[in-house]
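Notes to accompany the following structure.
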Amino acid sequence: MSEPTIKVKRLAFVRVTAPEPAKAETFLAEFGLQLATRTDDAAYFRGTDPDPHCYVLSQGEAGVPSIAFEAESAADLEKVAALPGASPIEKLDEPGGGQVVRLRDPQGQPVEIVHGIAALEPIEPAPPVSYNMDGRRTREGELPAVRPGPSHVKRIGHLVLESADPVSVYRWYHEHLGLRKADELHLPDGRTQMLFASLDRGAEYVDHHVVGFQYALDEGARVQHVAFEVGNLDDLMAGHEHLKAKRRKSVWGVGRHRYGGQIFDYWANPWGVIHEHWTDTDLVNDQSVATDSDLMDMQDYWGPPPSVGFIVARWNWKAVKNLFTLAAGRLQAERRNRKAA
Ligand SMILES: [Fe+2]
C-alpha cells in the first residue's frame, strides 16, 4: 500500500458549538477543562499538559463543527494543501497563532490540519496517587493524595466519528493523515461496527485509538463523542462524583473498555454532545497486530452496559431496526456462549 500523504502528530483540538455558551462553560468547568483565553467569538480551553488549547467553544447549534490534527512540519502542511478540495495554507487568526489547511472528510466533517500553534506553560496536574496494592506498599504513612472536585483534564485524547460507512471514512484518514487500524469489530452480518485507529508514530507507543470510526445506527454522520485524559483513577472518580452532584447526565460508565483498555466515564453536555473522561489506555506501535472480532462476543472488562442515549444519537426507523437486530444478536451470542460453557 502506498505511503499516506502525511502522518499527523496528534489530535490537536475540537471546535464545539453550543446555543448558550455560558451554560456550556459551566459544564466544561465542572468537567475539568480550564479556560486559557477568551476572544469576542470564542472561549479557548486547555488541559494541564503544555499543549495549546484543546477545545474551542463558540455560539451556534449544538455540535462539533470541526476537528483539528497537528502536522509534524510546515512541509507536511504543504503536502496536505495540495490535496483535492483542500484550502491553501492560511494563517490562524487565533490565540497561539499558527497555520492551517482546511479539508473535509468523506462524510463531510470539516477537518483542520494545523501547525505552529504556540504551546502553553503546563499547569498543576492532579496529584499523583501512591497505592498499597498488588502486594506493593508505596504509600507509607501518607494519606491518599485525592482532591474532591472536577477531574484534572490533561489533554484531548480521541474522538469517535459515526457514519453509515466507517470503513470508507477510515480509509481517507489512513491515506491522508496516516492513521493506522488498531482493532475492528464486526456486526453479525459482517459489516464493520467499529474500527479503532491510532496515530502512526513508528516504534513510539501511542494511545490505542485517536479516532474510532463507528457505524451509526441511524446512519447519520457526526462526531459521536470527544474524549479527554484525566490524571488517574482517583481523579476520574472524584470528577464522577462532582458531575453527579451537579446533576449532569451520565450516559455510560464507570467501566474499563475491552478495546483500548481505558477506564472510561461518559457524560453529556446540556445539549447531548458526549464528553468522555478516561485514564490508563492501552498503548500500541507500528509492530502491534490489529485484530478483527465479533461485536456480539465483545464484553468490557467491567462496568455497566451503555445507555440507549449513548448508542442512539438520533431516532429514525433505521435506528429502531438496527437496535432490534443488535439486541437479537446479543441474545443469540449469550445463548451460544452458555451452551459452550
Ligand atoms: Fe472513547
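Letters A, B, ... go to the chains of the C-alpha cells in the order shown; residues in each chain start at 1; ligands are counted from 1 in the same order.
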Could the residues of stretch 275-311 of chain A that have an atom at most 7 Å from stretch 248-268 of chain A be listed as CSV, each with its closest atom pair and the distance in Å to one decimal, counting only C-alpha atoms and ordered by chain and ascending residue number?
residue,atom,partner,partner_atom,distance
A:His275,CA,A:Trp267,CA,5.3
A:Glu276,CA,A:Tyr266,CA,4.3
A:His277,CA,A:Asp265,CA,5.2
A:Trp278,CA,A:Phe264,CA,4.5
A:Thr279,CA,A:Ile263,CA,5.5
A:Asp280,CA,A:Gln262,CA,5.2
A:Thr281,CA,A:Gln262,CA,4.4
A:Asp282,CA,A:Gly261,CA,5.2
A:Gln299,CA,A:Arg258,CA,6.4
A:Asp300,CA,A:Arg258,CA,4.4
A:Tyr301,CA,A:Arg258,CA,5.5
A:Trp302,CA,A:Gly255,CA,5.4
A:Gly303,CA,A:Gly255,CA,3.8
A:Pro304,CA,A:Gly253,CA,6.3
A:Pro306,CA,A:Trp252,CA,5.0
A:Ser307,CA,A:Val251,CA,5.6
A:Gly309,CA,A:Val251,CA,6.5
A:Phe310,CA,A:Val251,CA,5.7
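Every residue having at least one atom no farther than 8 Å from ligand 1 is included below, with only C-alpha atoms and all ligand atoms taken into account: His158, Leu159, Val160, Gly212, His225, Val226, Ala227, Phe264, Glu276 and Trp278 of chain A.
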Write the residues of the preceding selection, restricted to C-alpha atoms, as a short mmCIF file (atom, residue, chain, number, x, y, z; two decimals), in the first residue's frame.
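Result written to result21.cif:
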data_model
loop_
_atom_site.label_atom_id
_atom_site.label_comp_id
_atom_site.auth_asym_id
_atom_site.auth_seq_id
_atom_site.Cartn_x
_atom_site.Cartn_y
_atom_site.Cartn_z
CA HIS A 158 -9.57 10.82 20.90
CA LEU A 159 -12.95 11.18 19.27
CA VAL A 160 -15.41 8.87 17.56
CA GLY A 212 -12.86 5.45 16.36
CA HIS A 225 -18.04 11.73 21.39
CA VAL A 226 -14.91 13.63 22.33
CA ALA A 227 -12.57 12.16 24.95
CA PHE A 264 -13.97 5.33 30.98
CA GLU A 276 -15.58 11.31 27.98
CA TRP A 278 -10.59 8.32 30.61
#
Report as JSON lines: every residue of stretch 159-267 of chain A with an atom at most 8 Å from stretch 30-38 of chain A, its closest pair of atoms, and their distance in Å to one decimal, counting only C-alpha atoms, with rows sorted by chain and ascending residue number.
{"residue": "A:Gly239", "atom": "CA", "partner": "A:Phe31", "partner_atom": "CA", "distance": 7.1}
{"residue": "A:His242", "atom": "CA", "partner": "A:Glu30", "partner_atom": "CA", "distance": 7.2}
{"residue": "A:Leu243", "atom": "CA", "partner": "A:Glu30", "partner_atom": "CA", "distance": 6.4}
{"residue": "A:Lys246", "atom": "CA", "partner": "A:Glu30", "partner_atom": "CA", "distance": 7.9}
Saved selection, atoms kept: N, CA and C atoms, as a PDB file, in the first residue's frame:
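The new file selection-v8.pdb reads:
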ATOM      1  N   GLY A 239     -14.014  13.265  39.910  1.00  0.00           N
ATOM      2  CA  GLY A 239     -14.748  14.037  38.901  1.00  0.00           C
ATOM      3  C   GLY A 239     -16.129  13.462  38.649  1.00  0.00           C
ATOM      4  N   HIS A 242     -18.306  14.610  41.362  1.00  0.00           N
ATOM      5  CA  HIS A 242     -18.553  16.050  41.204  1.00  0.00           C
ATOM      6  C   HIS A 242     -19.650  16.289  40.160  1.00  0.00           C
ATOM      7  N   LEU A 243     -19.543  15.616  39.008  1.00  0.00           N
ATOM      8  CA  LEU A 243     -20.545  15.807  37.942  1.00  0.00           C
ATOM      9  C   LEU A 243     -21.909  15.281  38.393  1.00  0.00           C
ATOM     10  N   LYS A 246     -23.518  17.739  40.551  1.00  0.00           N
ATOM     11  CA  LYS A 246     -24.021  18.880  39.764  1.00  0.00           C
ATOM     12  C   LYS A 246     -25.202  18.475  38.882  1.00  0.00           C
TER      13      LYS A 246
END
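Between A:Pro65 and the residues A:His53, A:Arg15, A:Arg46, A:Lys79, the shortest atom-to-atom distance, using only C-alpha atoms, involves A:Arg15.
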ask   = Residues at most 12 Å from A:Glu94, counting only C-alpha atoms, excluding those fewer than 3 positions away in the same chain, as a PyMOL selection string?
value = chain A and resi 37-44+52-53+56+90-91+97-100+114+116-118
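For the set A:Cys54, A:Val169, A:Ala75, A:Ala62, the residue with the smallest atom-to-atom gap to A:Pro19 is A:Ala62, counting only C-alpha atoms.
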